[in-house]
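Peer 1: Provided herewith: upload24.txt, compact mmCIF, C-alpha atoms and all ligand atoms.
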```
# COMPACT_ATOMS: atom_id res chain seq x y z
CA MET F 1329 0.00 0.00 0.00
CA SER F 1330 2.64 2.56 1.08
CA SER F 1331 4.14 3.58 -2.21
CA ASN F 1332 4.09 7.23 -1.08
CA PRO F 1333 4.70 6.90 2.68
CA SER F 1334 5.05 10.57 3.50
CA LEU F 1335 3.08 12.23 0.71
CA THR F 1336 0.29 14.50 1.89
CA LEU F 1337 -2.71 15.72 -0.09
CA ALA F 1338 -5.51 18.16 0.67
CA LEU F 1339 -8.76 17.76 -1.25
CA PHE F 1340 -11.30 20.60 -1.09
CA CYS F 1341 -14.91 19.62 -1.83
CA LYS F 1342 -18.02 21.80 -1.83
CA VAL F 1343 -21.32 20.00 -2.06
CA VAL F 1344 -23.06 22.04 -4.74
CA ASP F 1345 -25.97 19.70 -5.22
CA ASN F 1346 -26.93 16.15 -4.31
CA TYR F 1347 -24.28 13.51 -3.64
CA GLY F 1348 -21.97 13.41 -6.66
CA ASP F 1349 -19.44 15.97 -5.42
CA ILE F 1350 -18.79 14.26 -2.12
CA GLY F 1351 -19.32 10.83 -3.72
CA ILE F 1352 -16.43 11.38 -6.10
CA CYS F 1353 -14.14 13.11 -3.59
CA TRP F 1354 -14.71 10.39 -1.01
CA ARG F 1355 -13.84 7.66 -3.49
CA LEU F 1356 -10.70 9.48 -4.54
CA ALA F 1357 -9.62 10.18 -0.94
CA ARG F 1358 -10.14 6.59 0.12
CA GLN F 1359 -8.26 5.19 -2.84
CA LEU F 1360 -5.33 7.58 -2.39
CA TRP F 1361 -4.88 6.32 1.14
CA ARG F 1362 -5.70 2.63 0.69
CA GLU F 1363 -3.82 1.95 -2.50
CA HIS F 1364 -1.12 4.60 -2.55
CA GLY F 1365 -0.50 5.36 1.12
CA VAL F 1366 -1.11 9.10 0.63
CA HIS F 1367 -2.14 10.99 3.78
CA VAL F 1368 -5.33 12.76 2.74
CA SER F 1369 -7.16 15.66 4.37
CA LEU F 1370 -10.62 15.88 2.85
CA TRP F 1371 -12.14 19.31 3.44
CA VAL F 1372 -15.90 19.15 2.94
CA ASP F 1373 -18.54 21.75 3.67
CA ASP F 1374 -21.59 19.48 4.05
CA LEU F 1375 -21.16 16.57 6.42
CA ALA F 1376 -24.86 15.68 6.37
CA SER F 1377 -24.72 14.82 2.65
CA PHE F 1378 -21.47 12.95 3.26
CA ARG F 1379 -23.11 10.90 6.00
CA ARG F 1380 -25.80 9.65 3.62
CA ILE F 1381 -23.23 7.83 1.48
CA CYS F 1382 -20.95 7.01 4.44
CA PRO F 1383 -22.89 6.53 7.70
CA GLU F 1384 -19.66 6.48 9.80
CA VAL F 1385 -19.32 10.25 9.37
CA ASP F 1386 -20.01 12.30 12.51
CA VAL F 1387 -21.81 15.41 11.34
CA LEU F 1388 -20.75 17.37 14.43
CA ALA F 1389 -17.00 16.73 14.28
CA ASP F 1390 -14.66 19.46 13.06
CA ALA F 1391 -12.00 16.83 12.36
CA GLN F 1392 -12.32 13.05 12.31
CA THR F 1393 -10.53 10.14 10.75
CA VAL F 1394 -12.78 7.98 8.58
CA GLN F 1395 -11.28 4.87 6.96
CA GLY F 1396 -7.81 6.38 7.14
CA VAL F 1397 -8.81 9.77 5.72
CA LEU F 1398 -8.71 12.93 7.87
CA VAL F 1399 -12.08 14.58 7.27
CA ARG F 1400 -12.16 18.31 8.04
CA HIS F 1401 -15.39 20.25 8.23
CA TRP F 1402 -14.85 23.17 5.83
CA ARG F 1403 -17.03 25.73 7.55
CA ASP F 1404 -16.00 28.97 5.82
CA GLN F 1405 -13.25 30.83 4.00
CA GLU F 1406 -11.72 32.20 7.23
CA GLY F 1407 -8.81 30.82 9.21
CA SER F 1408 -5.06 31.14 9.11
CA PHE F 1409 -2.66 28.57 7.75
CA ALA F 1410 1.09 28.24 8.10
CA PRO F 1411 3.15 27.02 5.12
CA GLU F 1412 3.96 23.82 7.08
CA GLU F 1413 0.25 22.98 7.18
CA VAL F 1414 -0.01 22.95 3.39
CA ALA F 1415 -0.05 19.52 1.75
CA ASP F 1416 2.33 18.33 -0.99
CA ILE F 1417 -0.61 18.11 -3.39
CA VAL F 1418 -3.67 20.37 -3.21
CA ILE F 1419 -6.82 19.57 -5.17
CA GLU F 1420 -9.78 21.84 -5.67
CA PHE F 1421 -12.73 19.84 -6.89
CA PHE F 1422 -14.83 21.52 -9.59
CA ALA F 1423 -12.95 24.83 -9.30
CA VAL F 1424 -14.01 25.56 -5.71
CA ASP F 1425 -12.39 28.56 -4.03
CA ILE F 1426 -9.84 27.37 -1.52
CA PRO F 1427 -9.66 29.65 1.59
CA PRO F 1428 -7.45 32.65 0.67
CA ALA F 1429 -5.17 32.12 3.68
CA TYR F 1430 -4.51 28.55 2.54
CA VAL F 1431 -3.60 29.75 -0.96
CA ALA F 1432 -1.30 32.40 0.53
CA ALA F 1433 0.39 29.68 2.61
CA MET F 1434 0.77 27.57 -0.54
CA ALA F 1435 2.75 30.39 -2.14
CA GLN F 1436 5.06 30.60 0.89
CA ARG F 1437 5.67 26.88 1.18
CA MET F 1438 8.93 25.43 -0.15
CA PRO F 1439 8.78 23.38 -2.24
CA ARG F 1440 5.48 24.77 -3.52
CA PRO F 1441 2.66 22.25 -3.62
CA VAL F 1442 1.36 20.71 -6.79
CA TRP F 1443 -2.06 22.29 -7.33
CA PHE F 1444 -4.83 20.65 -9.37
CA ASN F 1445 -8.29 21.65 -10.38
CA LEU F 1446 -10.11 18.35 -10.74
CA GLU F 1447 -12.84 18.94 -13.30
CA GLY F 1448 -16.12 17.26 -14.18
CA LEU F 1449 -16.43 14.30 -16.53
CA SER F 1450 -17.23 14.77 -20.18
CA ALA F 1451 -16.78 12.66 -23.31
CA GLU F 1452 -16.40 15.77 -25.50
CA GLU F 1453 -13.29 16.03 -27.64
CA TRP F 1454 -12.06 19.38 -26.28
CA VAL F 1455 -11.32 17.70 -22.95
CA GLU F 1456 -8.13 16.16 -24.34
CA GLY F 1457 -6.82 19.61 -25.25
CA CYS F 1458 -7.46 21.03 -21.78
CA HIS F 1459 -6.32 18.12 -19.65
CA ARG F 1460 -3.03 18.98 -17.87
CA LEU F 1461 -3.09 22.64 -18.99
CA PRO F 1462 -1.40 25.07 -16.58
CA SER F 1463 -2.98 28.24 -15.24
CA MET F 1464 -0.79 30.84 -13.50
CA HIS F 1465 -2.08 32.57 -10.39
CA PRO F 1466 -2.63 36.26 -11.22
CA ARG F 1467 -0.58 37.51 -8.24
CA LEU F 1468 1.21 34.69 -6.46
CA LYS F 1469 3.99 32.47 -7.65
CA LEU F 1470 1.73 29.48 -8.05
CA THR F 1471 0.58 27.41 -11.00
CA LYS F 1472 -2.52 25.32 -11.03
CA HIS F 1473 -3.05 22.47 -13.51
CA PHE F 1474 -6.32 21.23 -14.90
CA PHE F 1475 -7.03 17.57 -14.47
CA PHE F 1476 -9.91 16.21 -16.55
CA PRO F 1477 -11.39 12.78 -16.05
CA GLY F 1478 -12.31 11.11 -19.30
CA PHE F 1479 -12.65 8.05 -21.45
CA THR F 1480 -9.59 8.30 -23.70
CA PRO F 1481 -5.83 7.87 -23.16
CA ARG F 1482 -5.21 11.63 -23.35
CA THR F 1483 -7.49 12.36 -20.39
CA GLY F 1484 -7.19 11.62 -16.69
CA GLY F 1485 -9.25 8.41 -16.85
CA LEU F 1486 -11.92 7.37 -14.37
CA LEU F 1487 -11.91 6.43 -10.70
CA HIS F 1488 -11.56 2.68 -10.38
CA GLU F 1489 -10.29 0.86 -7.31
CA ALA F 1490 -7.97 -2.14 -7.41
CA GLY F 1491 -9.84 -5.40 -6.92
CA LEU F 1492 -13.20 -3.95 -7.95
CA ASP F 1493 -13.71 -6.33 -10.87
CA GLU F 1494 -12.84 -9.38 -8.81
CA GLN F 1495 -15.36 -8.37 -6.14
CA ARG F 1496 -18.05 -7.68 -8.71
CA LEU F 1497 -17.51 -10.87 -10.69
CA ALA F 1498 -17.56 -12.98 -7.54
CA PHE F 1499 -20.81 -11.34 -6.47
CA GLN F 1500 -22.43 -11.68 -9.89
CA ALA F 1501 -21.41 -15.35 -10.09
CA ASP F 1502 -23.08 -16.05 -6.74
CA ARG F 1503 -26.84 -16.00 -7.22
CA ALA F 1504 -27.46 -16.73 -3.55
CA ALA F 1505 -25.36 -13.72 -2.55
CA MET F 1506 -27.29 -11.48 -4.94
CA ALA F 1507 -30.64 -12.90 -3.78
CA GLY F 1508 -29.61 -12.41 -0.14
CA PHE F 1509 -28.59 -8.84 -0.80
CA LEU F 1510 -31.81 -7.97 -2.65
CA ALA F 1511 -33.91 -9.82 -0.06
CA GLY F 1512 -32.78 -7.07 2.34
CA PHE F 1513 -34.92 -4.74 0.23
CA GLY F 1514 -37.89 -7.12 0.20
CA VAL F 1515 -37.16 -8.67 -3.21
CA GLY F 1516 -38.61 -12.20 -3.15
CA ALA F 1517 -37.64 -15.32 -5.09
CA ALA F 1518 -40.15 -14.69 -7.91
CA GLU F 1519 -38.84 -11.15 -8.40
CA MET F 1520 -35.31 -12.52 -8.71
CA ASP F 1521 -36.46 -14.03 -12.01
CA SER F 1522 -37.97 -10.77 -13.26
CA LEU F 1523 -36.05 -8.05 -15.08
CA LYS F 1524 -34.52 -6.09 -12.19
CA VAL F 1525 -34.00 -2.39 -12.83
CA SER F 1526 -32.45 0.15 -10.47
CA LEU F 1527 -33.78 3.67 -11.01
CA PHE F 1528 -31.79 6.77 -10.01
CA CYS F 1529 -32.63 9.90 -11.97
CA TYR F 1530 -33.55 13.59 -11.69
CA PRO F 1531 -37.18 14.62 -11.22
CA HIS F 1532 -37.74 15.66 -14.86
CA ALA F 1533 -37.23 12.17 -16.35
CA PRO F 1534 -40.37 10.66 -17.93
CA VAL F 1535 -40.64 8.08 -15.15
CA GLY F 1536 -44.45 7.91 -15.15
CA GLU F 1537 -44.53 6.86 -18.81
CA LEU F 1538 -41.86 4.24 -18.25
CA LEU F 1539 -43.61 2.76 -15.22
CA GLN F 1540 -46.78 2.54 -17.27
CA ALA F 1541 -44.98 0.84 -20.16
CA TRP F 1542 -43.48 -1.67 -17.74
CA SER F 1543 -46.76 -2.40 -16.00
CA GLU F 1544 -48.50 -2.97 -19.34
CA GLY F 1545 -45.60 -4.96 -20.80
CA SER F 1546 -45.47 -8.70 -21.27
CA GLY F 1547 -42.52 -9.64 -19.01
CA PRO F 1548 -42.29 -9.06 -15.25
CA VAL F 1549 -40.17 -6.07 -14.15
CA THR F 1550 -39.00 -5.17 -10.64
CA CYS F 1551 -38.02 -1.54 -10.26
CA LEU F 1552 -35.84 -0.62 -7.27
CA VAL F 1553 -35.87 3.08 -6.57
CA PRO F 1554 -34.19 4.95 -3.70
CA GLU F 1555 -36.45 6.94 -1.42
CA GLY F 1556 -37.10 10.45 -2.70
CA VAL F 1557 -36.08 9.68 -6.30
CA ALA F 1558 -38.81 10.34 -8.89
CA ALA F 1559 -41.07 10.71 -5.86
CA GLN F 1560 -44.01 12.12 -7.78
CA ALA F 1561 -44.18 9.40 -10.42
CA VAL F 1562 -43.44 6.66 -7.90
CA GLY F 1563 -46.10 8.08 -5.54
CA ALA F 1564 -48.64 8.19 -8.38
CA PHE F 1565 -47.89 4.56 -9.24
CA MET F 1566 -48.21 3.51 -5.61
CA GLY F 1567 -51.20 5.65 -4.87
CA CYS F 1568 -49.57 7.49 -1.95
CA ALA F 1569 -48.24 11.04 -1.69
CA SER F 1570 -44.79 10.36 -0.28
CA PRO F 1571 -43.59 6.79 -0.67
CA GLY F 1572 -40.99 5.77 1.89
CA ALA F 1573 -38.30 3.10 2.12
CA GLY F 1574 -39.88 -0.32 2.40
CA ASP F 1575 -43.02 0.61 0.46
CA SER F 1576 -43.88 -1.45 -2.58
CA ALA F 1577 -46.71 -1.91 -5.06
CA THR F 1578 -47.46 -4.23 -7.95
CA ARG F 1579 -49.58 -3.33 -10.96
CA GLY F 1580 -49.75 -5.49 -14.01
CA ALA F 1581 -46.26 -6.77 -14.84
CA LEU F 1582 -44.46 -4.22 -12.66
CA THR F 1583 -43.45 -4.23 -9.01
CA VAL F 1584 -41.92 -1.05 -7.64
CA ARG F 1585 -39.94 -1.18 -4.40
CA VAL F 1586 -38.72 1.91 -2.60
CA LEU F 1587 -35.25 1.45 -1.12
CA PRO F 1588 -33.51 3.35 1.63
CA PHE F 1589 -30.53 5.42 0.51
CA VAL F 1590 -27.70 2.95 1.08
CA PRO F 1591 -23.97 3.43 1.81
CA GLN F 1592 -21.80 3.72 -1.29
CA PRO F 1593 -20.51 0.10 -1.34
CA ASP F 1594 -24.08 -1.21 -1.18
CA TYR F 1595 -25.09 1.02 -4.05
CA ASP F 1596 -22.39 -0.72 -6.09
CA ARG F 1597 -23.85 -4.09 -5.13
CA LEU F 1598 -27.28 -2.91 -6.18
CA LEU F 1599 -25.90 -2.01 -9.62
CA TRP F 1600 -24.14 -5.36 -9.87
CA ALA F 1601 -27.34 -7.26 -8.94
CA CYS F 1602 -29.65 -5.53 -11.42
CA ASP F 1603 -30.14 -6.36 -15.11
CA LEU F 1604 -30.47 -2.72 -16.11
CA ASN F 1605 -29.37 0.38 -14.22
CA ILE F 1606 -30.76 3.83 -14.76
CA VAL F 1607 -28.17 6.18 -13.30
CA ARG F 1608 -27.51 9.90 -13.19
CA GLY F 1609 -24.95 12.67 -12.65
CA GLU F 1610 -21.34 11.57 -12.68
CA ASP F 1611 -20.49 9.03 -10.01
CA SER F 1612 -23.38 6.57 -10.39
CA PHE F 1613 -22.87 6.90 -14.17
CA VAL F 1614 -19.26 5.72 -13.79
CA ARG F 1615 -20.16 3.00 -11.32
CA ALA F 1616 -22.76 1.65 -13.77
CA GLN F 1617 -19.97 1.32 -16.32
CA TRP F 1618 -17.97 -0.79 -13.88
CA ALA F 1619 -21.01 -2.98 -13.15
CA GLY F 1620 -20.69 -4.50 -16.62
CA ARG F 1621 -24.49 -4.35 -17.04
CA PRO F 1622 -26.64 -2.29 -19.43
CA PHE F 1623 -27.35 1.23 -18.22
CA VAL F 1624 -29.19 4.37 -19.23
CA TRP F 1625 -27.75 7.73 -18.20
CA HIS F 1626 -29.78 10.67 -16.93
CA ILE F 1627 -27.29 13.49 -17.26
CA TYR F 1628 -27.15 16.43 -14.82
CA PRO F 1629 -29.11 19.26 -16.49
CA GLN F 1630 -27.32 22.45 -17.52
CA ASP F 1631 -28.46 25.83 -18.86
CA GLU F 1632 -29.19 26.09 -22.57
CA ASN F 1633 -29.30 22.30 -22.82
CA LEU F 1634 -25.50 22.13 -22.77
CA HIS F 1635 -25.88 18.69 -21.25
CA HIS F 1636 -27.45 17.39 -24.48
CA GLN F 1637 -24.14 18.02 -26.21
CA LYS F 1638 -22.33 16.07 -23.50
CA LEU F 1639 -24.84 13.26 -23.71
CA ARG F 1640 -24.45 13.04 -27.49
CA ALA F 1641 -20.66 13.01 -27.12
CA PHE F 1642 -20.90 10.04 -24.78
CA LEU F 1643 -23.43 8.18 -26.89
CA GLY F 1644 -21.20 8.79 -29.92
CA ARG F 1645 -18.42 6.89 -28.20
CA TYR F 1646 -20.55 4.25 -26.52
CA ALA F 1647 -23.70 3.56 -28.46
CA GLY F 1648 -22.73 3.87 -32.13
CA GLU F 1649 -23.89 0.30 -32.77
CA LEU F 1650 -26.79 0.45 -30.32
CA PRO F 1651 -29.56 2.49 -31.95
CA ALA F 1652 -32.29 1.62 -29.45
CA LEU F 1653 -30.09 2.63 -26.49
CA ALA F 1654 -29.13 5.88 -28.20
CA ARG F 1655 -32.76 6.74 -28.97
CA PHE F 1656 -34.01 5.80 -25.53
CA SER F 1657 -31.22 7.76 -23.83
CA LEU F 1658 -31.92 10.88 -25.89
CA GLY F 1659 -35.62 10.57 -25.16
CA TRP F 1660 -35.05 9.95 -21.44
CA ASN F 1661 -33.04 13.19 -21.33
CA GLY F 1662 -35.53 15.25 -23.34
CA ALA F 1663 -33.19 15.56 -26.32
CA LEU F 1664 -35.55 13.63 -28.58
CA ASP F 1665 -39.30 13.21 -28.57
CA ILE F 1666 -40.18 9.64 -27.63
CA ALA F 1667 -43.46 9.35 -29.51
CA SER F 1668 -44.29 6.03 -27.85
CA MET F 1669 -42.65 4.96 -24.60
CA PRO F 1670 -43.91 1.35 -24.86
CA ALA F 1671 -42.28 1.07 -28.32
CA ALA F 1672 -39.03 2.74 -27.14
CA TRP F 1673 -38.91 0.36 -24.19
CA ARG F 1674 -39.64 -2.73 -26.34
CA ASP F 1675 -36.79 -1.75 -28.67
CA LEU F 1676 -34.43 -1.16 -25.76
CA GLN F 1677 -35.35 -4.44 -24.14
CA ALA F 1678 -34.75 -6.32 -27.38
CA GLU F 1679 -31.31 -4.72 -27.59
CA LEU F 1680 -30.30 -5.53 -23.99
CA PRO F 1681 -28.21 -8.64 -24.84
CA ARG F 1682 -26.13 -6.60 -27.31
CA ILE F 1683 -25.83 -3.75 -24.83
CA ALA F 1684 -24.52 -6.21 -22.22
CA ILE F 1685 -21.75 -7.28 -24.61
CA ARG F 1686 -20.88 -3.66 -25.33
CA ALA F 1687 -20.85 -2.86 -21.59
CA GLU F 1688 -18.14 -5.44 -20.97
CA ALA F 1689 -16.04 -4.40 -23.98
CA TRP F 1690 -16.31 -0.72 -23.05
CA ARG F 1691 -15.23 -1.39 -19.47
CA GLN F 1692 -12.06 -3.06 -20.69
CA GLU F 1693 -11.42 -0.41 -23.33
CA VAL F 1694 -11.64 2.48 -20.85
CA LEU F 1695 -9.69 0.72 -18.12
CA ALA F 1696 -6.82 -0.02 -20.48
CA HIS F 1697 -5.91 3.70 -20.24
CA GLY F 1698 -5.32 3.49 -16.49
CA ASP F 1699 -7.29 4.74 -13.50
CA LEU F 1700 -7.71 8.35 -12.44
CA THR F 1701 -6.00 8.15 -9.05
CA THR F 1702 -2.85 6.56 -10.46
CA LYS F 1703 -2.76 9.04 -13.34
CA LEU F 1704 -3.21 11.96 -10.99
CA LEU F 1705 -0.31 10.84 -8.81
CA GLU F 1706 1.89 10.25 -11.85
CA PHE F 1707 1.20 13.76 -13.09
CA ALA F 1708 1.94 15.17 -9.63
CA ARG F 1709 5.24 13.27 -9.58
CA GLU F 1710 6.16 14.70 -13.00
CA LEU F 1711 5.41 18.23 -11.83
CA ARG F 1712 7.39 17.79 -8.62
CA LEU F 1713 10.38 16.49 -10.57
CA ALA F 1714 10.15 19.34 -13.06
CA ALA F 1715 10.07 21.85 -10.17
CA GLN F 1716 13.22 20.28 -8.69
CA ASN F 1717 15.05 20.31 -12.04
CA PRO F 1718 13.97 23.44 -13.89
CA VAL F 1719 15.19 23.66 -17.49
O1 LIG F 1801 -26.28 12.88 -6.69
P1 LIG F 1801 -25.97 13.24 -8.08
O2 LIG F 1801 -27.07 13.83 -8.84
O3 LIG F 1801 -24.74 14.19 -8.08
C1 LIG F 1801 -24.55 15.25 -9.01
C2 LIG F 1801 -23.58 14.91 -10.08
O4 LIG F 1801 -22.36 14.51 -9.56
C3 LIG F 1801 -23.36 16.10 -10.98
O5 LIG F 1801 -22.44 15.79 -11.98
C4 LIG F 1801 -22.86 17.21 -10.14
O6 LIG F 1801 -22.61 18.32 -10.92
C5 LIG F 1801 -23.88 17.47 -9.11
O7 LIG F 1801 -24.07 16.32 -8.30
C6 LIG F 1801 -23.47 18.61 -8.27
O8 LIG F 1801 -25.49 11.92 -8.87
P2 LIG F 1801 -24.14 11.07 -8.80
O9 LIG F 1801 -23.00 11.81 -9.39
O10 LIG F 1801 -24.46 9.78 -9.37
O11 LIG F 1801 -23.84 10.88 -7.26
C7 LIG F 1801 -24.61 10.05 -6.44
C8 LIG F 1801 -23.74 9.46 -5.35
O12 LIG F 1801 -24.56 8.88 -4.35
C9 LIG F 1801 -22.82 8.36 -5.84
O13 LIG F 1801 -21.57 8.43 -5.16
C10 LIG F 1801 -23.54 7.09 -5.43
C11 LIG F 1801 -24.16 7.52 -4.14
N1 LIG F 1801 -25.34 6.76 -3.71
C12 LIG F 1801 -25.24 6.03 -2.54
O14 LIG F 1801 -24.17 5.99 -1.90
N2 LIG F 1801 -26.34 5.36 -2.11
C13 LIG F 1801 -27.51 5.38 -2.77
O15 LIG F 1801 -28.49 4.74 -2.31
C14 LIG F 1801 -27.58 6.12 -4.00
C15 LIG F 1801 -28.86 6.13 -4.79
C16 LIG F 1801 -26.48 6.80 -4.43
```
Could you spell out this file's structure in structure tokens?
Peer 2:
Amino acid sequence: MSSNPSLTLALFCKVVDNYGDIGICWRLARQLWREHGVHVSLWVDDLASFRRICPEVDVLADAQTVQGVLVRHWRDQEGSFAPEEVADIVIEFFAVDIPPAYVAAMAQRMPRPVWFNLEGLSAEEWVEGCHRLPSMHPRLKLTKHFFFPGFTPRTGGLLHEAGLDEQRLAFQADRAAMAGFLAGFGVGAAEMDSLKVSLFCYPHAPVGELLQAWSEGSGPVTCLVPEGVAAQAVGAFMGCASPGAGDSATRGALTVRVLPFVPQPDYDRLLWACDLNIVRGEDSFVRAQWAGRPFVWHIYPQDENLHHQKLRAFLGRYAGELPALARFSLGWNGALDIASMPAAWRDLQAELPRIAIRAEAWRQEVLAHGDLTTKLLEFARELRLAAQNPV
């Protein structure tokens, strides 16, 4: 584990919305410590959101060690920092503003830290041109570098822990383990034989239409949806205003079960156990790719439908040979009018075996470029060496 025994790293995370920001930062922090022996301080402003994906977090603690990571409650932009308190590597996630006193201490520290802005994931081509670009501080003697996750060799790759595939394959090969796991959510033996779909999306997805298509379809479907997700459509299906964890209803061919929000590792297991995963944002989208199962992506919405461009860029790489998946995905995201949801669903379902083959090939293709954490540390090492030996 300890390939970097004394390396320190500070990761600054602001929870802008939902769980993706802290979800990604927490994965990165954990992996840096577990697999690379880096001493990580994770500064996060919203411990309550953090606690939902990692129940060990104490929401009242200013500083706590969780699974080897020092978690600091980032309360405000105040505070004073000495140069000795600055880490070897400093990461701002999604261009957050690091406290000014910390930045000032970075400029005084010798050697100066490596400073990264870890950006959001996109399959667009411009990402390759911006990955690793430097940006000089306007006043201080500091340079920040952009680090872009991505799907191609000339990007920073994706977060992927060592041993993940082995764990997943063992789980997926063990039907009893999967049945036992899903039984915890009330899924019975008969539902194990149905098409199991996990559903995680934003409120504007056409969930009502899809639930109707499933309930009127010919084959049995079990839909597992976390509490609070698509609450209106799920409530309408169940005939109650605010469905809670543990609630379920069956109509026609469809059973819907409302799940509690589970810790991150269990969410992975849920993806591994389902036959189709509807995911959203960034982190669940990536985890669905590692599950090796078909998935549909509900992308985080942006102004002026910028997200449609990002969605098309991804589908261009992933779904070139999968017309039903491409059409369904565009429709699910409002980028195409799905004239008939039952027909779109029938087409998608018929394509599922081919999508499953693509899912496996894609996983291998993307992983061949290396994982994000390793690439990030390699880049940091390069920058540290260059600083020691200026040309
Ligand atoms: O929660 P999100 O909508 O987060 C979003 C995106 O990251 C988006 O790109 C970003 O700009 C925005 O936040 C601010 O979706 P995402 O990215 O899938 O993150 C969800 C996290 O929650 C992920 O780490 C998985 C985790 N999770 C659990 O741990 N348990 C659960 O039961 C569920 C449903 C999710």
Peer 1: Which residues are near ligand LIG 1801 (chain F) - at most 8 Å, using all atoms listed in the file? Format: as number ranges by chain.
Peer 2: F: 1343-1352, 1355, 1380-1382, 1448-1449, 1528-1530, 1553-1554, 1587-1596, 1607-1615, 1627-1628
Peer 1: Leaving out stretch 1363-1368 of chain F and any residue of its chain fewer than 6 positions from it, which residues lie within 12 Å of it when counting all atoms listed in the file, given as a short mmCIF file (atom, residue, chain, number, x, y, z; two decimals) with C-alpha atoms, in the coordinates of the input?
Peer 2:
```cif
data_model
loop_
_atom_site.label_atom_id
_atom_site.label_comp_id
_atom_site.auth_asym_id
_atom_site.auth_seq_id
_atom_site.Cartn_x
_atom_site.Cartn_y
_atom_site.Cartn_z
CA MET F 1329 0.00 0.00 0.00
CA SER F 1330 2.64 2.56 1.08
CA SER F 1331 4.14 3.58 -2.21
CA ASN F 1332 4.09 7.23 -1.08
CA PRO F 1333 4.70 6.90 2.68
CA SER F 1334 5.05 10.57 3.50
CA LEU F 1335 3.08 12.23 0.71
CA THR F 1336 0.29 14.50 1.89
CA LEU F 1337 -2.71 15.72 -0.09
CA ALA F 1338 -5.51 18.16 0.67
CA LEU F 1339 -8.76 17.76 -1.25
CA PHE F 1340 -11.30 20.60 -1.09
CA CYS F 1353 -14.14 13.11 -3.59
CA TRP F 1354 -14.71 10.39 -1.01
CA ARG F 1355 -13.84 7.66 -3.49
CA LEU F 1356 -10.70 9.48 -4.54
CA ALA F 1357 -9.62 10.18 -0.94
CA GLN F 1392 -12.32 13.05 12.31
CA THR F 1393 -10.53 10.14 10.75
CA VAL F 1394 -12.78 7.98 8.58
CA GLN F 1395 -11.28 4.87 6.96
CA GLY F 1396 -7.81 6.38 7.14
CA VAL F 1397 -8.81 9.77 5.72
CA LEU F 1398 -8.71 12.93 7.87
CA VAL F 1399 -12.08 14.58 7.27
CA ARG F 1400 -12.16 18.31 8.04
CA VAL F 1414 -0.01 22.95 3.39
CA ALA F 1415 -0.05 19.52 1.75
CA ASP F 1416 2.33 18.33 -0.99
CA ILE F 1417 -0.61 18.11 -3.39
CA VAL F 1418 -3.67 20.37 -3.21
CA ILE F 1419 -6.82 19.57 -5.17
CA HIS F 1488 -11.56 2.68 -10.38
CA GLU F 1489 -10.29 0.86 -7.31
CA ALA F 1490 -7.97 -2.14 -7.41
CA GLY F 1491 -9.84 -5.40 -6.92
CA ASP F 1699 -7.29 4.74 -13.50
CA THR F 1701 -6.00 8.15 -9.05
CA THR F 1702 -2.85 6.56 -10.46
CA LYS F 1703 -2.76 9.04 -13.34
CA LEU F 1704 -3.21 11.96 -10.99
CA LEU F 1705 -0.31 10.84 -8.81
CA GLU F 1706 1.89 10.25 -11.85
#
```
Peer 1: Please provide as JSON, numbers by chain all residues within 12 Å of stretch 1499-1505 of chain F, with the sequence filter that same-chain residues fewer than 5 positions apart are discarded (counting all atoms listed in the file).
Peer 2: {"F": [1492, 1493, 1494, 1510, 1511, 1512, 1517, 1520, 1521, 1594, 1596, 1597, 1598, 1599, 1600, 1601, 1602, 1603, 1619, 1620, 1621]}
Peer 1: Can you check which parts of stretch 1559-1612 of chain F lie within 9 Å of stretch 1547-1550 of chain F? Per residue, the shortest pair of atoms and distance in Å to one decimal, counting all atoms listed in the file, sorted by chain and number, as CSV.
Peer 2:
```
residue,atom,partner,partner_atom,distance
F:Thr1578,CA,F:Thr1550,CA,8.9
F:Gly1580,CA,F:Pro1548,CA,8.4
F:Ala1581,CA,F:Pro1548,CA,4.6
F:Leu1582,CA,F:Val1549,CA,4.9
F:Thr1583,CA,F:Thr1550,CA,4.8
F:Val1584,CA,F:Thr1550,CA,5.9
F:Arg1585,CA,F:Thr1550,CA,7.5
```
Peer 1: What does the distance from atom CA of F:Leu1713 to atom CA of F:Thr1471 come to in Å, to one decimal?
Peer 2: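 Going from atom CA of F:Leu1713 over to atom CA of F:Thr1471, I get 14.7 Å.
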Peer 1: Quick one, how far is atom CA of F:Asp1675 from atom CA of F:Ser1543?
Peer 2: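 Atom CA of F:Ser1543 lies 16.1 Å from atom CA of F:Asp1675.
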Peer 1: Please list as a PyMOL selection string every residue within 10 Å of F:Val1624, counting all atoms listed in the file and excluding residues in the same chain fewer than 2 positions away.
Peer 2: chain F and resi 1527-1529+1604-1608+1613+1616+1622+1626-1627+1653-1654+1656-1658+1660-1661
Peer 1: Pick out the closest residue to F:Ala1696 from this set: F:Thr1480, F:Gln1630, F:Gln1617, F:Ser1576. Count all atoms listed in the file.
Peer 2: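 Closest to F:Ala1696, using all atoms listed in the file: F:Thr1480.
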Peer 1: Could you state the separation of atom CA of F:Thr1483 and atom CA of F:Trp1618 in Å, given to one decimal place?
Peer 2: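 A separation of 18.0 Å between them.
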Peer 1: Report as a PyMOL selection string all protein, DNA and RNA residues lying within 12 Å of F:Met1669, evaluated on all atoms listed in the file, omitting residues in the same chain fewer than 2 positions from it.
Peer 2: chain F and resi 1534-1542+1544-1545+1652+1655-1657+1659-1660+1664-1667+1671-1677
Peer 1: Which one of F:Ala1714, F:Pro1481, F:Gly1662, F:Glu1649 sits closest to F:His1635 if you count all atoms listed in the file?
Peer 2: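 The shortest atom-to-atom distance to F:His1635 comes from F:Gly1662.
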